[in-house]
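Here is query.cif, consisting of mmCIF, C-alpha atoms:
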```
data_run
loop_
_atom_site.group_PDB
_atom_site.id
_atom_site.type_symbol
_atom_site.label_atom_id
_atom_site.label_comp_id
_atom_site.auth_asym_id
_atom_site.auth_seq_id
_atom_site.Cartn_x
_atom_site.Cartn_y
_atom_site.Cartn_z
ATOM 1 C CA MET A 28 68.552 16.164 -49.675
ATOM 2 C CA VAL A 29 65.710 16.116 -47.175
ATOM 3 C CA ASP A 30 65.935 13.410 -44.543
ATOM 4 C CA ILE A 31 62.461 11.898 -44.123
ATOM 5 C CA ALA A 32 63.522 8.831 -42.171
ATOM 6 C CA ALA A 33 63.176 10.414 -38.729
ATOM 7 C CA PRO A 34 59.705 11.998 -39.311
ATOM 8 C CA THR A 35 58.450 8.766 -40.908
ATOM 9 C CA ALA A 36 59.709 6.700 -38.002
ATOM 10 C CA ALA A 37 58.062 9.095 -35.536
ATOM 11 C CA LEU A 38 54.764 8.930 -37.458
ATOM 12 C CA LEU A 39 54.844 5.144 -37.533
ATOM 13 C CA GLU A 40 55.612 4.989 -33.830
ATOM 14 C CA ARG A 41 52.777 7.392 -33.022
ATOM 15 C CA THR A 42 50.375 5.410 -35.217
ATOM 16 C CA ARG A 43 51.394 2.154 -33.558
ATOM 17 C CA SER A 44 50.916 3.645 -30.095
ATOM 18 C CA GLN A 45 47.471 4.939 -31.014
ATOM 19 C CA PHE A 46 46.529 1.557 -32.480
ATOM 20 C CA ASP A 47 47.730 -0.257 -29.363
ATOM 21 C CA ALA A 48 45.783 2.117 -27.130
ATOM 22 C CA ALA A 49 42.617 1.731 -29.190
ATOM 23 C CA THR A 50 42.961 -2.069 -29.221
ATOM 24 C CA HIS A 51 43.491 -2.150 -25.464
ATOM 25 C CA ALA A 52 40.441 0.052 -24.853
ATOM 26 C CA LEU A 53 38.324 -2.054 -27.209
ATOM 27 C CA LEU A 54 39.289 -5.519 -26.033
ATOM 28 C CA LEU A 55 41.233 -5.426 -22.774
ATOM 29 C CA ARG A 56 40.337 -2.397 -20.635
ATOM 30 C CA LYS A 57 38.383 -3.947 -17.808
ATOM 31 C CA ARG A 58 34.853 -2.897 -16.976
ATOM 32 C CA PRO A 59 32.371 -3.987 -14.281
ATOM 33 C CA ALA A 60 30.792 -7.372 -14.968
ATOM 34 C CA TRP A 61 27.192 -6.210 -14.456
ATOM 35 C CA LEU A 62 26.278 -6.398 -18.148
ATOM 36 C CA LEU A 63 27.553 -9.965 -18.457
ATOM 37 C CA ALA A 64 25.575 -10.995 -15.386
ATOM 38 C CA ILE A 65 22.345 -9.372 -16.573
ATOM 39 C CA MET A 66 22.726 -10.867 -20.047
ATOM 40 C CA ARG A 67 23.358 -14.311 -18.519
ATOM 41 C CA ILE A 68 20.226 -14.125 -16.388
ATOM 42 C CA LEU A 69 18.032 -12.991 -19.272
ATOM 43 C CA PHE A 70 19.550 -15.567 -21.602
ATOM 44 C CA GLY A 71 18.850 -18.330 -19.084
ATOM 45 C CA LEU A 72 15.217 -17.243 -18.902
ATOM 46 C CA VAL A 73 14.948 -17.280 -22.700
ATOM 47 C CA VAL A 74 16.458 -20.780 -22.854
ATOM 48 C CA PHE A 75 13.910 -21.912 -20.255
ATOM 49 C CA GLY A 76 11.032 -20.429 -22.257
ATOM 50 C CA TRP A 77 12.302 -21.876 -25.543
ATOM 51 C CA THR A 78 12.740 -25.335 -24.014
ATOM 52 C CA ALA A 79 9.320 -25.221 -22.343
ATOM 53 C CA THR A 80 7.640 -24.472 -25.675
ATOM 54 C CA MET A 81 9.527 -27.366 -27.285
ATOM 55 C CA ALA A 82 8.418 -29.694 -24.486
ATOM 56 C CA VAL A 83 4.777 -29.162 -25.449
ATOM 57 C CA ASP A 84 5.284 -30.962 -28.778
ATOM 58 C CA VAL A 85 8.241 -33.274 -28.174
ATOM 59 C CA GLY A 86 6.508 -36.314 -29.687
ATOM 60 C CA SER A 87 5.421 -34.638 -32.918
ATOM 61 C CA LEU A 88 8.575 -32.565 -33.409
ATOM 62 C CA LEU A 89 11.452 -34.665 -32.071
ATOM 63 C CA GLY A 90 10.210 -38.146 -31.184
ATOM 64 C CA SER A 91 10.437 -41.495 -32.944
ATOM 65 C CA ASP A 92 7.151 -40.809 -34.746
ATOM 66 C CA ALA A 93 7.814 -37.135 -35.433
ATOM 67 C CA LEU A 94 6.405 -35.434 -38.511
ATOM 68 C CA VAL A 95 9.971 -35.297 -39.892
ATOM 69 C CA PRO A 96 11.332 -38.892 -39.964
ATOM 70 C CA LEU A 97 14.740 -39.565 -38.455
ATOM 71 C CA GLU A 98 16.321 -40.241 -41.847
ATOM 72 C CA PHE A 99 15.641 -36.637 -42.823
ATOM 73 C CA ALA A 100 17.407 -35.213 -39.774
ATOM 74 C CA SER A 101 20.389 -33.027 -40.558
ATOM 75 C CA GLN A 102 23.717 -34.864 -40.598
ATOM 76 C CA ASP A 103 25.821 -31.731 -40.304
ATOM 77 C CA ARG A 104 29.344 -32.277 -38.962
ATOM 78 C CA TRP A 105 28.547 -30.126 -35.926
ATOM 79 C CA ASN A 106 25.915 -32.614 -34.817
ATOM 80 C CA TRP A 107 27.763 -34.718 -32.228
ATOM 81 C CA PHE A 108 24.883 -37.092 -31.539
ATOM 82 C CA THR A 109 21.391 -37.734 -32.864
ATOM 83 C CA LEU A 110 18.166 -37.883 -30.892
ATOM 84 C CA GLU A 111 17.019 -41.264 -32.183
ATOM 85 C CA SER A 112 14.026 -41.833 -29.889
ATOM 86 C CA THR A 113 11.329 -40.002 -28.009
ATOM 87 C CA GLY A 114 13.061 -40.907 -24.746
ATOM 88 C CA ALA A 115 16.323 -39.354 -25.914
ATOM 89 C CA ALA A 116 14.450 -36.197 -26.925
ATOM 90 C CA TRP A 117 12.851 -35.970 -23.477
ATOM 91 C CA VAL A 118 16.254 -36.379 -21.815
ATOM 92 C CA ALA A 119 17.648 -33.544 -23.951
ATOM 93 C CA ILE A 120 14.693 -31.308 -23.098
ATOM 94 C CA GLY A 121 14.999 -32.142 -19.389
ATOM 95 C CA VAL A 122 18.720 -31.366 -19.301
ATOM 96 C CA LEU A 123 18.116 -28.111 -21.181
ATOM 97 C CA LEU A 124 15.583 -27.071 -18.534
ATOM 98 C CA ILE A 125 18.107 -27.827 -15.781
ATOM 99 C CA ALA A 126 20.794 -25.944 -17.704
ATOM 100 C CA SER A 127 18.557 -22.899 -18.137
ATOM 101 C CA VAL A 128 17.919 -22.709 -14.383
ATOM 102 C CA ALA A 129 21.632 -23.154 -13.598
ATOM 103 C CA ILE A 130 22.561 -20.411 -16.082
ATOM 104 C CA THR A 131 19.960 -18.038 -14.676
ATOM 105 C CA LEU A 132 21.140 -18.592 -11.108
ATOM 106 C CA GLY A 133 24.804 -18.483 -12.059
ATOM 107 C CA TRP A 134 25.770 -21.966 -10.885
ATOM 108 C CA ARG A 135 28.742 -23.033 -13.018
ATOM 109 C CA PRO A 136 27.289 -21.140 -15.983
ATOM 110 C CA THR A 137 30.228 -21.748 -18.325
ATOM 111 C CA ALA A 138 29.826 -25.525 -18.174
ATOM 112 C CA TRP A 139 26.051 -25.303 -18.511
ATOM 113 C CA LEU A 140 26.340 -22.933 -21.468
ATOM 114 C CA VAL A 141 28.498 -25.500 -23.260
ATOM 115 C CA VAL A 142 25.925 -28.202 -22.452
ATOM 116 C CA THR A 143 23.178 -25.908 -23.720
ATOM 117 C CA PHE A 144 24.999 -25.296 -26.998
ATOM 118 C CA VAL A 145 25.576 -29.010 -27.624
ATOM 119 C CA LEU A 146 21.957 -29.909 -26.839
ATOM 120 C CA LEU A 147 20.568 -27.044 -28.900
ATOM 121 C CA VAL A 148 22.561 -28.312 -31.866
ATOM 122 C CA ALA A 149 21.194 -31.842 -31.314
ATOM 123 C CA VAL A 150 17.576 -30.686 -30.973
ATOM 124 C CA GLN A 151 17.750 -28.316 -33.922
ATOM 125 C CA ARG A 152 19.503 -30.827 -36.175
ATOM 126 C CA ARG A 153 16.869 -33.454 -35.338
ATOM 127 C CA ASN A 154 14.210 -31.323 -37.003
ATOM 128 C CA PRO A 155 15.702 -28.520 -39.110
ATOM 129 C CA MET A 156 12.273 -27.799 -40.615
ATOM 130 C CA ILE A 157 11.154 -25.952 -37.482
ATOM 131 C CA LEU A 158 14.164 -23.633 -37.243
ATOM 132 C CA ASN A 159 13.913 -19.880 -37.507
ATOM 133 C CA SER A 160 16.412 -17.068 -37.017
ATOM 134 C CA GLY A 161 15.680 -16.927 -33.286
ATOM 135 C CA ASP A 162 16.664 -20.586 -32.853
ATOM 136 C CA VAL A 163 19.972 -20.037 -34.643
ATOM 137 C CA LEU A 164 20.672 -16.911 -32.610
ATOM 138 C CA LEU A 165 19.924 -18.776 -29.380
ATOM 139 C CA ARG A 166 22.513 -21.396 -30.291
ATOM 140 C CA ASN A 167 25.113 -18.801 -31.294
ATOM 141 C CA PHE A 168 24.666 -16.776 -28.109
ATOM 142 C CA ALA A 169 25.058 -19.917 -25.992
ATOM 143 C CA LEU A 170 28.442 -20.614 -27.569
ATOM 144 C CA ILE A 171 29.691 -17.021 -27.341
ATOM 145 C CA LEU A 172 28.567 -16.584 -23.725
ATOM 146 C CA ALA A 173 30.392 -19.805 -22.800
ATOM 147 C CA PHE A 174 33.677 -18.002 -23.445
ATOM 148 C CA MET A 175 32.869 -15.180 -21.017
ATOM 149 C CA PRO A 176 33.014 -14.961 -17.206
ATOM 150 C CA THR A 177 29.240 -14.646 -16.986
ATOM 151 C CA GLY A 178 29.211 -15.884 -13.392
ATOM 152 C CA ALA A 179 31.445 -13.073 -12.166
ATOM 153 C CA ALA A 180 28.469 -11.168 -10.694
ATOM 154 C CA LEU A 181 24.903 -11.819 -9.507
ATOM 155 C CA SER A 182 25.555 -15.545 -9.296
ATOM 156 C CA VAL A 183 25.467 -18.479 -6.926
ATOM 157 C CA ASP A 184 29.158 -19.006 -7.667
ATOM 158 C CA ARG A 185 30.045 -15.506 -6.462
ATOM 159 C CA TRP A 186 27.884 -15.944 -3.335
ATOM 160 C CA ARG A 187 29.605 -19.220 -2.467
ATOM 161 C CA ARG A 188 33.088 -17.797 -2.980
ATOM 162 C CA HIS A 189 32.745 -14.341 -1.431
ATOM 163 C CA GLY A 190 29.608 -14.342 0.704
ATOM 164 C CA ARG A 191 26.143 -12.891 0.364
ATOM 165 C CA GLY A 192 27.338 -9.291 0.416
ATOM 166 C CA ALA A 193 29.331 -9.864 -2.764
ATOM 167 C CA LEU A 194 26.113 -10.305 -4.752
ATOM 168 C CA TRP A 195 25.838 -6.522 -5.021
ATOM 169 C CA THR A 196 29.392 -6.011 -6.164
ATOM 170 C CA ALA A 197 30.971 -6.882 -9.491
ATOM 171 C CA PRO A 198 34.621 -7.416 -10.392
ATOM 172 C CA ASP A 199 36.112 -5.828 -13.473
ATOM 173 C CA VAL A 200 36.447 -8.086 -16.524
ATOM 174 C CA ALA A 201 37.866 -7.643 -20.021
ATOM 175 C CA PRO A 202 35.173 -6.778 -22.591
ATOM 176 C CA TRP A 203 36.470 -8.796 -25.551
ATOM 177 C CA GLY A 204 33.697 -11.366 -25.153
ATOM 178 C CA LEU A 205 31.063 -8.659 -25.382
ATOM 179 C CA ARG A 206 32.624 -7.583 -28.678
ATOM 180 C CA LEU A 207 31.748 -10.993 -30.144
ATOM 181 C CA ILE A 208 28.115 -10.522 -29.152
ATOM 182 C CA GLN A 209 28.182 -7.011 -30.592
ATOM 183 C CA LEU A 210 29.642 -8.200 -33.897
ATOM 184 C CA GLN A 211 27.029 -10.965 -34.092
ATOM 185 C CA LEU A 212 24.312 -8.384 -33.466
ATOM 186 C CA CYS A 213 25.567 -6.019 -36.165
ATOM 187 C CA VAL A 214 25.823 -8.881 -38.677
ATOM 188 C CA VAL A 215 22.186 -9.824 -37.973
ATOM 189 C CA TYR A 216 21.008 -6.241 -38.439
ATOM 190 C CA PHE A 217 23.046 -5.877 -41.639
ATOM 191 C CA PHE A 218 21.496 -8.939 -43.278
ATOM 192 C CA ALA A 219 18.049 -8.009 -41.956
ATOM 193 C CA PHE A 220 18.438 -4.663 -43.723
ATOM 194 C CA TRP A 221 20.061 -6.137 -46.833
ATOM 195 C CA SER A 222 17.282 -8.707 -47.308
ATOM 196 C CA LYS A 223 14.633 -5.988 -47.452
ATOM 197 C CA GLY A 224 15.389 -4.983 -51.016
ATOM 198 C CA GLY A 225 12.054 -5.752 -52.650
ATOM 199 C CA ASP A 226 9.514 -3.330 -54.083
ATOM 200 C CA LEU A 227 7.230 -3.623 -51.046
ATOM 201 C CA TRP A 228 9.944 -2.143 -48.832
ATOM 202 C CA HIS A 229 10.893 0.500 -51.367
ATOM 203 C CA ASN A 230 7.324 1.708 -51.857
ATOM 204 C CA GLY A 231 6.578 1.636 -48.124
ATOM 205 C CA THR A 232 3.891 -1.070 -47.976
ATOM 206 C CA ALA A 233 5.795 -4.109 -46.649
ATOM 207 C CA VAL A 234 4.556 -3.794 -43.061
ATOM 208 C CA SER A 235 0.948 -3.781 -44.251
ATOM 209 C CA THR A 236 1.586 -6.999 -46.196
ATOM 210 C CA VAL A 237 3.147 -8.692 -43.161
ATOM 211 C CA PHE A 238 0.234 -7.741 -40.918
ATOM 212 C CA ARG A 239 -2.238 -9.251 -43.398
ATOM 213 C CA ILE A 240 -0.725 -12.747 -43.040
ATOM 214 C CA ASP A 241 -3.007 -14.183 -40.379
ATOM 215 C CA ASP A 242 -0.785 -17.225 -39.755
ATOM 216 C CA ILE A 243 1.966 -15.096 -38.213
ATOM 217 C CA THR A 244 0.011 -12.239 -36.648
ATOM 218 C CA ARG A 245 -0.604 -12.491 -32.914
ATOM 219 C CA PHE A 246 -4.019 -10.818 -32.794
ATOM 220 C CA GLY A 247 -5.166 -11.049 -36.383
ATOM 221 C CA SER A 248 -4.884 -8.338 -39.003
ATOM 222 C CA PRO A 249 -5.085 -4.878 -37.336
ATOM 223 C CA GLY A 250 -7.269 -3.028 -39.801
ATOM 224 C CA TRP A 251 -6.640 0.357 -38.190
ATOM 225 C CA LEU A 252 -2.970 -0.085 -39.107
ATOM 226 C CA THR A 253 -2.985 -1.943 -42.416
ATOM 227 C CA THR A 254 -5.244 0.678 -44.046
ATOM 228 C CA ASN A 255 -3.396 3.726 -42.733
ATOM 229 C CA VAL A 256 -1.014 4.691 -45.529
ATOM 230 C CA ALA A 257 0.925 7.229 -43.467
ATOM 231 C CA LEU A 258 1.546 4.871 -40.541
ATOM 232 C CA ILE A 259 2.450 1.963 -42.798
ATOM 233 C CA GLY A 260 4.972 4.088 -44.671
ATOM 234 C CA LEU A 261 6.424 5.369 -41.402
ATOM 235 C CA PHE A 262 6.796 1.868 -39.941
ATOM 236 C CA THR A 263 8.156 0.365 -43.167
ATOM 237 C CA TRP A 264 10.814 2.971 -43.866
ATOM 238 C CA GLY A 265 11.423 3.478 -40.152
ATOM 239 C CA THR A 266 12.287 -0.211 -39.826
ATOM 240 C CA LEU A 267 14.832 0.113 -42.626
ATOM 241 C CA ALA A 268 16.350 3.234 -41.092
ATOM 242 C CA ILE A 269 16.621 1.716 -37.606
ATOM 243 C CA GLU A 270 18.160 -1.530 -38.867
ATOM 244 C CA LEU A 271 20.720 0.344 -40.941
ATOM 245 C CA ALA A 272 21.580 2.586 -37.993
ATOM 246 C CA LEU A 273 21.947 -0.387 -35.669
ATOM 247 C CA THR A 274 24.279 -2.016 -38.195
ATOM 248 C CA THR A 275 26.820 0.804 -38.027
ATOM 249 C CA LEU A 276 26.095 3.646 -35.612
ATOM 250 C CA LEU A 277 25.921 1.562 -32.423
ATOM 251 C CA TRP A 278 29.698 1.911 -32.282
ATOM 252 C CA ALA A 279 29.291 5.686 -31.802
ATOM 253 C CA ARG A 280 29.199 6.118 -28.025
ATOM 254 C CA ARG A 281 27.046 9.261 -28.015
ATOM 255 C CA LEU A 282 24.363 7.670 -30.176
ATOM 256 C CA ARG A 283 24.134 4.385 -28.292
ATOM 257 C CA PRO A 284 21.445 5.278 -25.721
ATOM 258 C CA VAL A 285 19.064 6.498 -28.428
ATOM 259 C CA LEU A 286 19.798 3.588 -30.762
ATOM 260 C CA ILE A 287 19.432 0.995 -28.005
ATOM 261 C CA GLY A 288 16.061 2.534 -27.141
ATOM 262 C CA LEU A 289 14.969 2.477 -30.799
ATOM 263 C CA GLY A 290 16.091 -1.160 -31.083
ATOM 264 C CA PHE A 291 14.053 -2.102 -28.031
ATOM 265 C CA LEU A 292 10.987 -0.315 -29.432
ATOM 266 C CA LEU A 293 11.418 -2.021 -32.809
ATOM 267 C CA HIS A 294 11.557 -5.526 -31.353
ATOM 268 C CA PHE A 295 8.806 -4.821 -28.820
ATOM 269 C CA PHE A 296 6.507 -3.586 -31.566
ATOM 270 C CA ILE A 297 7.260 -6.609 -33.763
ATOM 271 C CA ASP A 298 6.688 -9.046 -30.886
ATOM 272 C CA VAL A 299 3.377 -7.435 -29.954
ATOM 273 C CA PHE A 300 1.913 -7.975 -33.426
ATOM 274 C CA VAL A 301 3.928 -10.751 -35.111
ATOM 275 C CA LEU A 302 4.832 -14.288 -34.016
ATOM 276 C CA VAL A 303 8.615 -14.343 -34.403
ATOM 277 C CA GLY A 304 9.527 -16.793 -31.655
ATOM 278 C CA PHE A 305 12.350 -15.741 -29.344
ATOM 279 C CA PHE A 306 14.200 -13.626 -31.892
ATOM 280 C CA GLY A 307 13.105 -10.313 -30.358
ATOM 281 C CA PRO A 308 14.103 -11.056 -26.740
ATOM 282 C CA LEU A 309 17.478 -12.383 -27.902
ATOM 283 C CA MET A 310 18.169 -9.272 -29.955
ATOM 284 C CA MET A 311 17.269 -7.137 -26.932
ATOM 285 C CA ILE A 312 19.772 -9.119 -24.866
ATOM 286 C CA GLY A 313 22.353 -8.468 -27.559
ATOM 287 C CA LEU A 314 21.593 -4.737 -27.490
ATOM 288 C CA LEU A 315 22.402 -4.723 -23.776
ATOM 289 C CA SER A 316 26.012 -5.565 -24.662
ATOM 290 C CA PHE A 317 26.325 -1.980 -25.917
ATOM 291 C CA ALA A 318 25.110 -0.460 -22.627
ATOM 292 C CA ASP A 319 27.513 1.509 -20.444
ATOM 293 C CA ALA A 320 28.806 -0.796 -17.701
ATOM 294 C CA ASP A 321 30.582 2.077 -15.930
ATOM 295 C CA TRP A 322 27.332 4.070 -15.711
ATOM 296 C CA LEU A 323 25.560 1.024 -14.333
ATOM 297 C CA GLU A 324 28.292 0.550 -11.728
ATOM 298 C CA ARG A 325 27.924 4.170 -10.599
ATOM 299 C CA ARG A 326 24.157 3.806 -10.273
ATOM 300 C CA ILE A 327 24.440 0.600 -8.249
ATOM 301 C CA ALA A 328 27.185 2.078 -6.067
ATOM 302 C CA ALA A 329 25.011 5.138 -5.402
ATOM 303 C CA ARG A 330 22.112 2.879 -4.510
ATOM 304 C CA ARG A 331 24.256 0.940 -2.063
ATOM 305 C CA ALA A 332 25.490 4.172 -0.478
ATOM 306 C CA THR A 333 21.970 5.582 0.003
ATOM 307 C CA PRO A 334 20.787 5.051 3.603
ATOM 308 C CA GLN A 335 17.780 2.765 3.739
ATOM 309 C CA PRO A 336 14.777 3.766 5.887
ATOM 310 C CA ALA A 337 14.509 1.891 9.176
#
```
Translate this file's structure into C-alpha cells.
Amino acid sequence: MVDIAAPTAALLERTRSQFDAATHALLLRKRPAWLLAIMRILFGLVVFGWTATMAVDVGSLLGSDALVPLEFASQDRWNWFTLESTGAAWVAIGVLLIASVAITLGWRPTAWLVVTFVLLVAVQRRNPMILNSGDVLLRNFALILAFMPTGAALSVDRWRRHGRGALWTAPDVAPWGLRLIQLQLCVVYFFAFWSKGGDLWHNGTAVSTVFRIDDITRFGSPGWLTTNVALIGLFTWGTLAIELALTTLLWARRLRPVLIGLGFLLHFFIDVFVLVGFFGPLMMIGLLSFADADWLERRIAARRATPQPA
C-alpha cells in the first residue's frame, strides 16, 4: 500500500509557505512612503478645489433656502449631523478648506482626513441631488487614506520630528493601505466597463453621442471628432479595452507602467472634453498607488547623490 501521507503533508506545507510569503509581500513587505506622500498632497489639492467650487454656490446648494429643502436631505445612518442652516454650511466649507491645506502640507493628516470624511458625508447628504461618482470617490478616498501613514514623508510632521533634511527621505511603511485604494480603483473600473453594455458601445458610436450633449461638453460639440467614424470607433472601443485592462491587468507588474500611462491618457482626454467634476483627477491619484515605490526611491536617492553646481 502506497503511503501518501508524507508527500501530502510536504505539499501542504510548501503551499502554506508560498501563501504566507505571497501574503507578506502583498500586505506587509515595507516599501518607501513616497507614494503615500504624493497621493496625500494631490488628494489635499483636490479636496481644496472641490470645496472651493462648492463655496461658490453654498446658499443655493446647501443653505436654508437651498433648491433642495432640508426635509429632502438624506437621512442615511452614516450622516452624523445635518447642515440645518446656511451658517452651518459655511462652517463646514471653511473647515474643509482648512483640512485640505493641512492634508496637503502634512500637518496631522490622519486627523484631518477623518474630519474631511465626516464633513464630506454631511455636505453630500445635505443635497444628494448634486452628487456624482467623483464626489463619492472623494469621500471613499478620504476614509481609506485616514488609515495610512500618509504623513510619513514630505510633511510638516516629518520636518518637525526629524528636521528639514528629513523632507527628502522617506521611511519604509507596509503597503496594505495602498491595497485598499487599489481594490477601490479596480472596482470602479469594473463597474465602469460593466455599465457600458448598450448598443451604442457595441457598435462603436457612444463617444460621438456623449460629445453631442452640449450640457456636459467643455468646449461644445467637436465636429471634427463626432463626424469621424474611424476616430469615434477607436475611442469608443479603446475606452472599453482600457477599462477592462485596468480592472484586471494592473496587478501584472510588467504591464503596470503601460497601463498607468493609458489610464492617465484616458482620464486626461475625458477631462479635456467632458465635464466630469473631480472624478478624473481622483482616478489618476488612485492609479499612482500602483506605481513602483522602490524605483521612485532609487531615483530620488540618485538625485540627492548628484553634486549640485555651485
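The space between CA of Leu286 (chain A) and CA of Phe246 (chain A) spans 27.9 Å.
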Inset, instruction - For region 179-188 of chain A, list every protein, DNA or RNA residue within 8 Å, evaluated using all atoms listed in the file, and leave out those in the same chain fewer than 5 positions away; present the list as a list in words. - result: Ala60, Trp61, Leu63, Ala64, Ile65, Leu132, Gly133, Trp134, Arg135, Ala193, Leu194, Trp195, Thr196, Ala197 and Pro198 of chain A
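When all atoms listed in the file are used to measure the gap to Leu170 (chain A), the shortest distance among A:Thr263, A:Val214, A:Phe70, A:Glu111 belongs to A:Phe70.
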Legend entry - Counting only C-alpha atoms, the residue of A:Thr80, A:Thr253, A:Ser112, A:Ser91 that sits nearest Ile240 (chain A): A:Thr253
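The spacing separating CA of Val85 (chain A) from CA of Ala129 (chain A) amounts to 22.2 Å.
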Inset, instruction - Write out as a ChimeraX atom specification which residues come within 9 Å of Thr113 (chain A) when counting only C-alpha atoms, dropping same-chain ones fewer than 2 positions away. - result: /A:85-86,89-93,110-111,115-118
